[in-house]
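Text of the file data-v1.txt, holding compact mmCIF, N, CA and C atoms:
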# COMPACT_ATOMS: atom_id res chain seq x y z
N MET D 30 66.58 30.88 6.33
CA MET D 30 66.76 31.74 7.47
C MET D 30 66.32 31.05 8.76
N ALA D 31 65.19 30.36 8.70
CA ALA D 31 64.69 29.66 9.88
C ALA D 31 65.62 28.52 10.27
N LEU D 32 66.22 27.89 9.27
CA LEU D 32 67.14 26.79 9.54
C LEU D 32 68.39 27.28 10.27
N SER D 33 68.91 28.44 9.88
CA SER D 33 70.10 28.97 10.54
C SER D 33 69.80 29.38 11.98
N LYS D 34 68.59 29.91 12.24
CA LYS D 34 68.20 30.26 13.61
C LYS D 34 68.07 28.99 14.46
N LEU D 35 67.53 27.94 13.87
CA LEU D 35 67.39 26.68 14.58
C LEU D 35 68.75 26.08 14.92
N ILE D 36 69.68 26.14 13.98
CA ILE D 36 71.03 25.63 14.22
C ILE D 36 71.72 26.45 15.30
N LEU D 37 71.58 27.77 15.24
CA LEU D 37 72.19 28.65 16.24
C LEU D 37 71.60 28.38 17.63
N ALA D 38 70.29 28.21 17.72
CA ALA D 38 69.64 27.95 19.00
C ALA D 38 70.08 26.61 19.57
N SER D 39 70.18 25.59 18.72
CA SER D 39 70.61 24.28 19.21
C SER D 39 72.07 24.30 19.63
N LEU D 40 72.89 25.07 18.95
CA LEU D 40 74.30 25.21 19.33
C LEU D 40 74.42 25.88 20.69
N LEU D 41 73.66 26.95 20.92
CA LEU D 41 73.69 27.63 22.21
C LEU D 41 73.18 26.72 23.33
N ALA D 42 72.12 25.96 23.05
CA ALA D 42 71.59 25.04 24.06
C ALA D 42 72.62 23.95 24.38
N SER D 43 73.32 23.48 23.37
CA SER D 43 74.35 22.45 23.59
C SER D 43 75.50 22.99 24.43
N LEU D 44 75.92 24.21 24.15
CA LEU D 44 77.00 24.82 24.93
C LEU D 44 76.58 25.04 26.38
N LEU D 45 75.35 25.47 26.58
CA LEU D 45 74.84 25.67 27.93
C LEU D 45 74.80 24.34 28.69
N LEU D 46 74.31 23.31 28.05
CA LEU D 46 74.25 21.99 28.67
C LEU D 46 75.65 21.47 29.00
N LEU D 47 76.59 21.66 28.10
CA LEU D 47 77.97 21.23 28.33
C LEU D 47 78.57 21.97 29.52
N HIS D 48 78.29 23.27 29.63
CA HIS D 48 78.80 24.06 30.74
C HIS D 48 78.21 23.57 32.07
N LEU D 49 76.92 23.27 32.10
CA LEU D 49 76.28 22.79 33.32
C LEU D 49 76.83 21.44 33.76
N VAL D 50 77.06 20.55 32.82
CA VAL D 50 77.61 19.23 33.14
C VAL D 50 79.03 19.37 33.69
N ASP D 51 79.82 20.23 33.08
CA ASP D 51 81.19 20.44 33.54
C ASP D 51 81.22 21.03 34.95
N ALA D 52 80.32 21.99 35.22
CA ALA D 52 80.26 22.59 36.55
C ALA D 52 79.84 21.56 37.59
N HIS D 53 78.91 20.69 37.24
CA HIS D 53 78.46 19.65 38.17
C HIS D 53 79.59 18.67 38.47
N GLN D 54 80.34 18.27 37.46
CA GLN D 54 81.45 17.35 37.66
C GLN D 54 82.53 17.97 38.53
N SER D 55 82.77 19.27 38.36
CA SER D 55 83.78 19.95 39.17
C SER D 55 83.37 19.97 40.63
N SER D 56 82.08 20.24 40.91
CA SER D 56 81.64 20.29 42.29
C SER D 56 81.66 18.90 42.93
N VAL D 57 81.32 17.87 42.19
CA VAL D 57 81.37 16.50 42.71
C VAL D 57 82.81 16.12 43.01
N HIS D 58 83.74 16.49 42.13
CA HIS D 58 85.15 16.18 42.34
C HIS D 58 85.68 16.89 43.58
N ALA D 59 85.27 18.15 43.80
CA ALA D 59 85.73 18.89 44.96
C ALA D 59 85.21 18.26 46.25
N GLN D 60 83.97 17.77 46.24
CA GLN D 60 83.41 17.15 47.44
C GLN D 60 84.11 15.84 47.77
N THR D 61 84.42 15.03 46.78
CA THR D 61 85.08 13.76 47.05
C THR D 61 86.53 13.96 47.44
N GLN D 62 87.14 15.03 46.97
CA GLN D 62 88.54 15.28 47.28
C GLN D 62 88.71 15.60 48.76
N THR D 63 87.78 16.34 49.37
CA THR D 63 87.92 16.67 50.78
C THR D 63 87.77 15.43 51.66
N SER D 64 86.97 14.46 51.23
CA SER D 64 86.81 13.27 52.04
C SER D 64 88.00 12.32 51.92
N LEU D 65 88.87 12.54 50.95
CA LEU D 65 90.03 11.68 50.77
C LEU D 65 91.20 12.07 51.68
N LEU D 66 91.11 13.25 52.32
CA LEU D 66 92.18 13.66 53.21
C LEU D 66 92.28 12.69 54.38
N GLN D 67 93.48 12.30 54.70
CA GLN D 67 93.69 11.34 55.77
C GLN D 67 93.53 12.02 57.12
N GLN D 68 92.69 11.47 57.96
CA GLN D 68 92.49 11.98 59.30
C GLN D 68 93.47 11.31 60.25
N ILE D 69 94.06 12.09 61.15
CA ILE D 69 94.99 11.50 62.11
C ILE D 69 94.21 10.96 63.30
N ASP D 70 94.83 10.12 64.08
CA ASP D 70 94.23 9.58 65.30
C ASP D 70 94.40 10.61 66.40
N CYS D 71 93.38 11.44 66.61
CA CYS D 71 93.47 12.51 67.60
C CYS D 71 93.63 11.99 69.02
N ASN D 72 92.95 10.90 69.36
CA ASN D 72 93.08 10.35 70.71
C ASN D 72 94.51 9.91 71.00
N GLY D 73 95.13 9.24 70.06
CA GLY D 73 96.50 8.79 70.24
C GLY D 73 97.49 9.94 70.28
N ALA D 74 97.32 10.89 69.36
CA ALA D 74 98.23 12.04 69.29
C ALA D 74 98.10 12.91 70.54
N CYS D 75 96.87 13.12 71.00
CA CYS D 75 96.67 13.95 72.19
C CYS D 75 97.08 13.20 73.46
N GLY D 76 96.96 11.89 73.45
CA GLY D 76 97.44 11.11 74.59
C GLY D 76 98.94 11.28 74.77
N ALA D 77 99.66 11.28 73.66
CA ALA D 77 101.11 11.49 73.72
C ALA D 77 101.43 12.93 74.11
N ARG D 78 100.66 13.87 73.60
CA ARG D 78 100.90 15.29 73.89
C ARG D 78 100.62 15.61 75.36
N CYS D 79 99.60 15.00 75.94
CA CYS D 79 99.16 15.34 77.29
C CYS D 79 99.63 14.38 78.37
N ARG D 80 100.52 13.46 78.06
CA ARG D 80 100.88 12.43 79.04
C ARG D 80 101.58 12.98 80.27
N LEU D 81 102.24 14.13 80.18
CA LEU D 81 102.92 14.70 81.34
C LEU D 81 102.16 15.88 81.95
N SER D 82 100.96 16.13 81.49
CA SER D 82 100.19 17.28 81.96
C SER D 82 99.74 17.08 83.40
N SER D 83 99.67 18.19 84.15
CA SER D 83 99.17 18.11 85.52
C SER D 83 97.64 17.99 85.53
N ARG D 84 97.00 18.36 84.43
CA ARG D 84 95.54 18.24 84.30
C ARG D 84 95.23 17.49 83.01
N PRO D 85 95.41 16.17 83.02
CA PRO D 85 95.32 15.40 81.78
C PRO D 85 93.95 15.44 81.09
N ARG D 86 92.86 15.44 81.84
CA ARG D 86 91.53 15.47 81.20
C ARG D 86 91.30 16.79 80.48
N LEU D 87 91.66 17.89 81.11
CA LEU D 87 91.51 19.20 80.48
C LEU D 87 92.41 19.29 79.25
N CYS D 88 93.62 18.81 79.37
CA CYS D 88 94.56 18.82 78.25
C CYS D 88 94.03 17.98 77.09
N GLN D 89 93.51 16.80 77.39
CA GLN D 89 92.98 15.91 76.35
C GLN D 89 91.79 16.56 75.64
N ARG D 90 90.91 17.20 76.39
CA ARG D 90 89.73 17.83 75.80
C ARG D 90 90.12 18.98 74.89
N ALA D 91 91.02 19.85 75.36
CA ALA D 91 91.45 20.98 74.55
C ALA D 91 92.24 20.51 73.33
N CYS D 92 93.12 19.56 73.54
CA CYS D 92 93.92 19.03 72.43
C CYS D 92 93.03 18.35 71.40
N GLY D 93 92.03 17.60 71.86
CA GLY D 93 91.12 16.92 70.94
C GLY D 93 90.35 17.89 70.07
N THR D 94 89.88 18.99 70.66
CA THR D 94 89.17 20.02 69.89
C THR D 94 90.09 20.61 68.84
N CYS D 95 91.30 20.95 69.24
CA CYS D 95 92.26 21.54 68.30
C CYS D 95 92.64 20.55 67.21
N CYS D 96 92.81 19.31 67.57
CA CYS D 96 93.19 18.28 66.60
C CYS D 96 92.10 18.08 65.56
N ARG D 97 90.84 18.05 65.99
CA ARG D 97 89.74 17.86 65.04
C ARG D 97 89.62 19.04 64.09
N ARG D 98 89.90 20.24 64.57
CA ARG D 98 89.82 21.42 63.70
C ARG D 98 91.00 21.50 62.74
N CYS D 99 92.18 21.18 63.22
CA CYS D 99 93.41 21.37 62.43
C CYS D 99 93.92 20.10 61.77
N ASN D 100 93.50 18.95 62.25
CA ASN D 100 93.98 17.65 61.78
C ASN D 100 95.49 17.50 61.95
N CYS D 101 96.00 18.07 63.02
CA CYS D 101 97.42 17.88 63.36
C CYS D 101 97.63 18.20 64.83
N VAL D 102 98.66 17.61 65.40
CA VAL D 102 99.08 17.86 66.77
C VAL D 102 100.59 17.95 66.74
N PRO D 103 101.17 19.02 67.33
CA PRO D 103 102.63 19.13 67.33
C PRO D 103 103.28 17.97 68.09
N PRO D 104 104.48 17.58 67.69
CA PRO D 104 105.17 16.48 68.38
C PRO D 104 105.63 16.90 69.77
N GLY D 105 105.83 15.93 70.63
CA GLY D 105 106.33 16.20 71.97
C GLY D 105 105.22 16.55 72.94
N THR D 106 105.62 16.83 74.19
CA THR D 106 104.63 17.13 75.23
C THR D 106 104.38 18.62 75.40
N ALA D 107 105.23 19.46 74.83
CA ALA D 107 105.04 20.91 74.91
C ALA D 107 105.83 21.57 73.78
N GLY D 108 105.47 22.81 73.49
CA GLY D 108 106.19 23.55 72.45
C GLY D 108 105.96 23.00 71.07
N ASN D 109 106.93 23.20 70.20
CA ASN D 109 106.89 22.74 68.80
C ASN D 109 105.67 23.25 68.04
N GLN D 110 105.16 24.42 68.42
CA GLN D 110 103.96 24.97 67.79
C GLN D 110 104.15 25.25 66.30
N GLU D 111 105.39 25.48 65.87
CA GLU D 111 105.65 25.78 64.46
C GLU D 111 105.38 24.57 63.56
N ALA D 112 105.31 23.38 64.14
CA ALA D 112 105.04 22.18 63.35
C ALA D 112 103.58 22.12 62.89
N CYS D 113 102.72 22.87 63.54
CA CYS D 113 101.30 22.87 63.21
C CYS D 113 100.75 24.29 63.37
N PRO D 114 100.88 25.14 62.34
CA PRO D 114 100.48 26.55 62.46
C PRO D 114 99.02 26.75 62.86
N CYS D 115 98.12 25.94 62.35
CA CYS D 115 96.70 26.07 62.70
C CYS D 115 96.51 25.84 64.19
N TYR D 116 97.15 24.83 64.72
CA TYR D 116 97.08 24.47 66.13
C TYR D 116 97.57 25.64 66.99
N ALA D 117 98.60 26.33 66.51
CA ALA D 117 99.20 27.42 67.28
C ALA D 117 98.36 28.69 67.26
N THR D 118 97.51 28.87 66.25
CA THR D 118 96.77 30.12 66.13
C THR D 118 95.40 30.10 66.80
N LEU D 119 94.90 28.95 67.21
CA LEU D 119 93.60 28.90 67.88
C LEU D 119 93.71 29.52 69.27
N THR D 120 92.76 30.41 69.59
CA THR D 120 92.79 31.09 70.89
C THR D 120 91.43 30.99 71.57
N THR D 121 91.44 31.24 72.88
CA THR D 121 90.20 31.27 73.65
C THR D 121 89.55 32.64 73.48
N ARG D 122 88.38 32.81 74.08
CA ARG D 122 87.72 34.13 74.01
C ARG D 122 88.57 35.20 74.67
N GLY D 123 89.36 34.81 75.65
CA GLY D 123 90.21 35.76 76.35
C GLY D 123 91.51 36.07 75.63
N GLY D 124 91.75 35.44 74.49
CA GLY D 124 92.95 35.72 73.71
C GLY D 124 94.14 34.83 74.05
N ARG D 125 93.96 33.87 74.95
CA ARG D 125 95.05 32.95 75.29
C ARG D 125 95.05 31.78 74.33
N ARG D 126 96.21 31.11 74.22
CA ARG D 126 96.30 29.93 73.36
C ARG D 126 95.35 28.85 73.84
N LYS D 127 94.57 28.31 72.93
CA LYS D 127 93.60 27.27 73.29
C LYS D 127 94.24 25.90 73.40
N CYS D 128 95.20 25.65 72.52
CA CYS D 128 95.73 24.30 72.38
C CYS D 128 96.98 24.09 73.24
N PRO D 129 97.02 22.96 73.96
CA PRO D 129 98.18 22.69 74.82
C PRO D 129 99.42 22.32 74.02

Would you kindly transcribe this structure into C-alpha cells?
Amino acid sequence: MALSKLILASLLASLLLLHLVDAHQSSVHAQTQTSLLQQIDCNGACGARCRLSSRPRLCQRACGTCCRRCNCVPPGTAGNQEACPCYATLTTRGGRRKCP
C-alpha cells in the first residue's frame, strides 16, 4: 500500500514538473518571437511621408511617434490610411487624427 502511494506521489510530482517546464518554454518562446519582428526605418519612412509638409518638423515628430507604435507608415505624402489601420486609428486628446 505504501509503495502504491509513493508511486502515485512521484507520478503527480513528475506531471507537475513537466507542466512547469512546458509553461516556461512557452513563455520564453513568446518573448523571443516578439523581438524577431522586423522594425521599419521610421526616420526614412517619415522623411518620405513628410517631405511636402508645410511644417516638416511637426510632421516628422508626429509621424515618428505613430511609426514607433504601429511599425508602419502609409505610402505617399498624404492619404492611403487604409494601408496601415493602426496608423489611421491613433488620435489626439481632442479626437483628431494624430498621424500625418

Problem set entry | Residues within 7 Å of segment 84-97 of chain D, all atoms listed in the file, excluding chain neighbours under 4 positions, as a ChimeraX atom specification | /D:71-72,75-76,79-80,101-102,116,127-129

For the residues selected in the previous step, produce a file with N, CA and C atoms as a compact mmCIF listing (two decimals), in the frame of the given file.
# COMPACT_ATOMS: atom_id res chain seq x y z
N CYS D 71 93.38 11.44 66.61
CA CYS D 71 93.47 12.51 67.60
C CYS D 71 93.63 11.99 69.02
N ASN D 72 92.95 10.90 69.36
CA ASN D 72 93.08 10.35 70.71
C ASN D 72 94.51 9.91 71.00
N CYS D 75 96.87 13.12 71.00
CA CYS D 75 96.67 13.95 72.19
C CYS D 75 97.08 13.20 73.46
N GLY D 76 96.96 11.89 73.45
CA GLY D 76 97.44 11.11 74.59
C GLY D 76 98.94 11.28 74.77
N CYS D 79 99.60 15.00 75.94
CA CYS D 79 99.16 15.34 77.29
C CYS D 79 99.63 14.38 78.37
N ARG D 80 100.52 13.46 78.06
CA ARG D 80 100.88 12.43 79.04
C ARG D 80 101.58 12.98 80.27
N CYS D 101 96.00 18.07 63.02
CA CYS D 101 97.42 17.88 63.36
C CYS D 101 97.63 18.20 64.83
N VAL D 102 98.66 17.61 65.40
CA VAL D 102 99.08 17.86 66.77
C VAL D 102 100.59 17.95 66.74
N TYR D 116 97.15 24.83 64.72
CA TYR D 116 97.08 24.47 66.13
C TYR D 116 97.57 25.64 66.99
N LYS D 127 94.57 28.31 72.93
CA LYS D 127 93.60 27.27 73.29
C LYS D 127 94.24 25.90 73.40
N CYS D 128 95.20 25.65 72.52
CA CYS D 128 95.73 24.30 72.38
C CYS D 128 96.98 24.09 73.24
N PRO D 129 97.02 22.96 73.96
CA PRO D 129 98.18 22.69 74.82
C PRO D 129 99.42 22.32 74.02

Problem set entry | Å distance separating atom CA of Arg125 of chain D from atom C of Gln67 of chain D, one decimal place |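 Atom-to-atom, atom CA of Arg125 of chain D and atom C of Gln67 of chain D are spaced 27.8 Å apart.
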
Exercise. Which residues in chain D does DSSP call helix (DSSP H, G or I)? List them as JSON, numbers by chain.
Worked result: {"D": [31, 32, 33, 34, 35, 36, 37, 38, 39, 40, 41, 42, 43, 44, 45, 46, 47, 48, 49, 50, 51, 52, 53, 54, 55, 56, 57, 58, 59, 60, 61, 62, 63, 64, 71, 72, 73, 74, 75, 76, 77, 78, 85, 86, 87, 88, 89, 90, 91, 92, 93, 94, 95, 96, 97, 98, 99, 110, 111, 112, 114, 115, 116, 117, 118]}

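With atom CA of Pro104 of chain D on one side and atom C of Gly124 of chain D on the other, the separation reads 22.1 Å.
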
Exercise. Separation of atom N of Arg78 of chain D and atom N of Ala107 of chain D, in Å?
Worked result: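 Value for the atom N of Arg78 of chain D-atom N of Ala107 of chain D distance: 7.3 Å.
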
Exercise. Using all atoms listed in the file, which of the listed residues (D:Thr121, D:Ala52, D:Gly108, D:Asn100) sits closest to Ile69 of chain D?
Worked result: D:Asn100

Segment 75-92 of chain D, all listed atoms, 3 Å padding on each side: what axis-aligned box centre and edge lengths in Å to one decimal come out, as JSON?
{"center_x": 96.3, "center_y": 16.0, "center_z": 78.3, "size_x": 19.2, "size_y": 15.9, "size_z": 20.5}
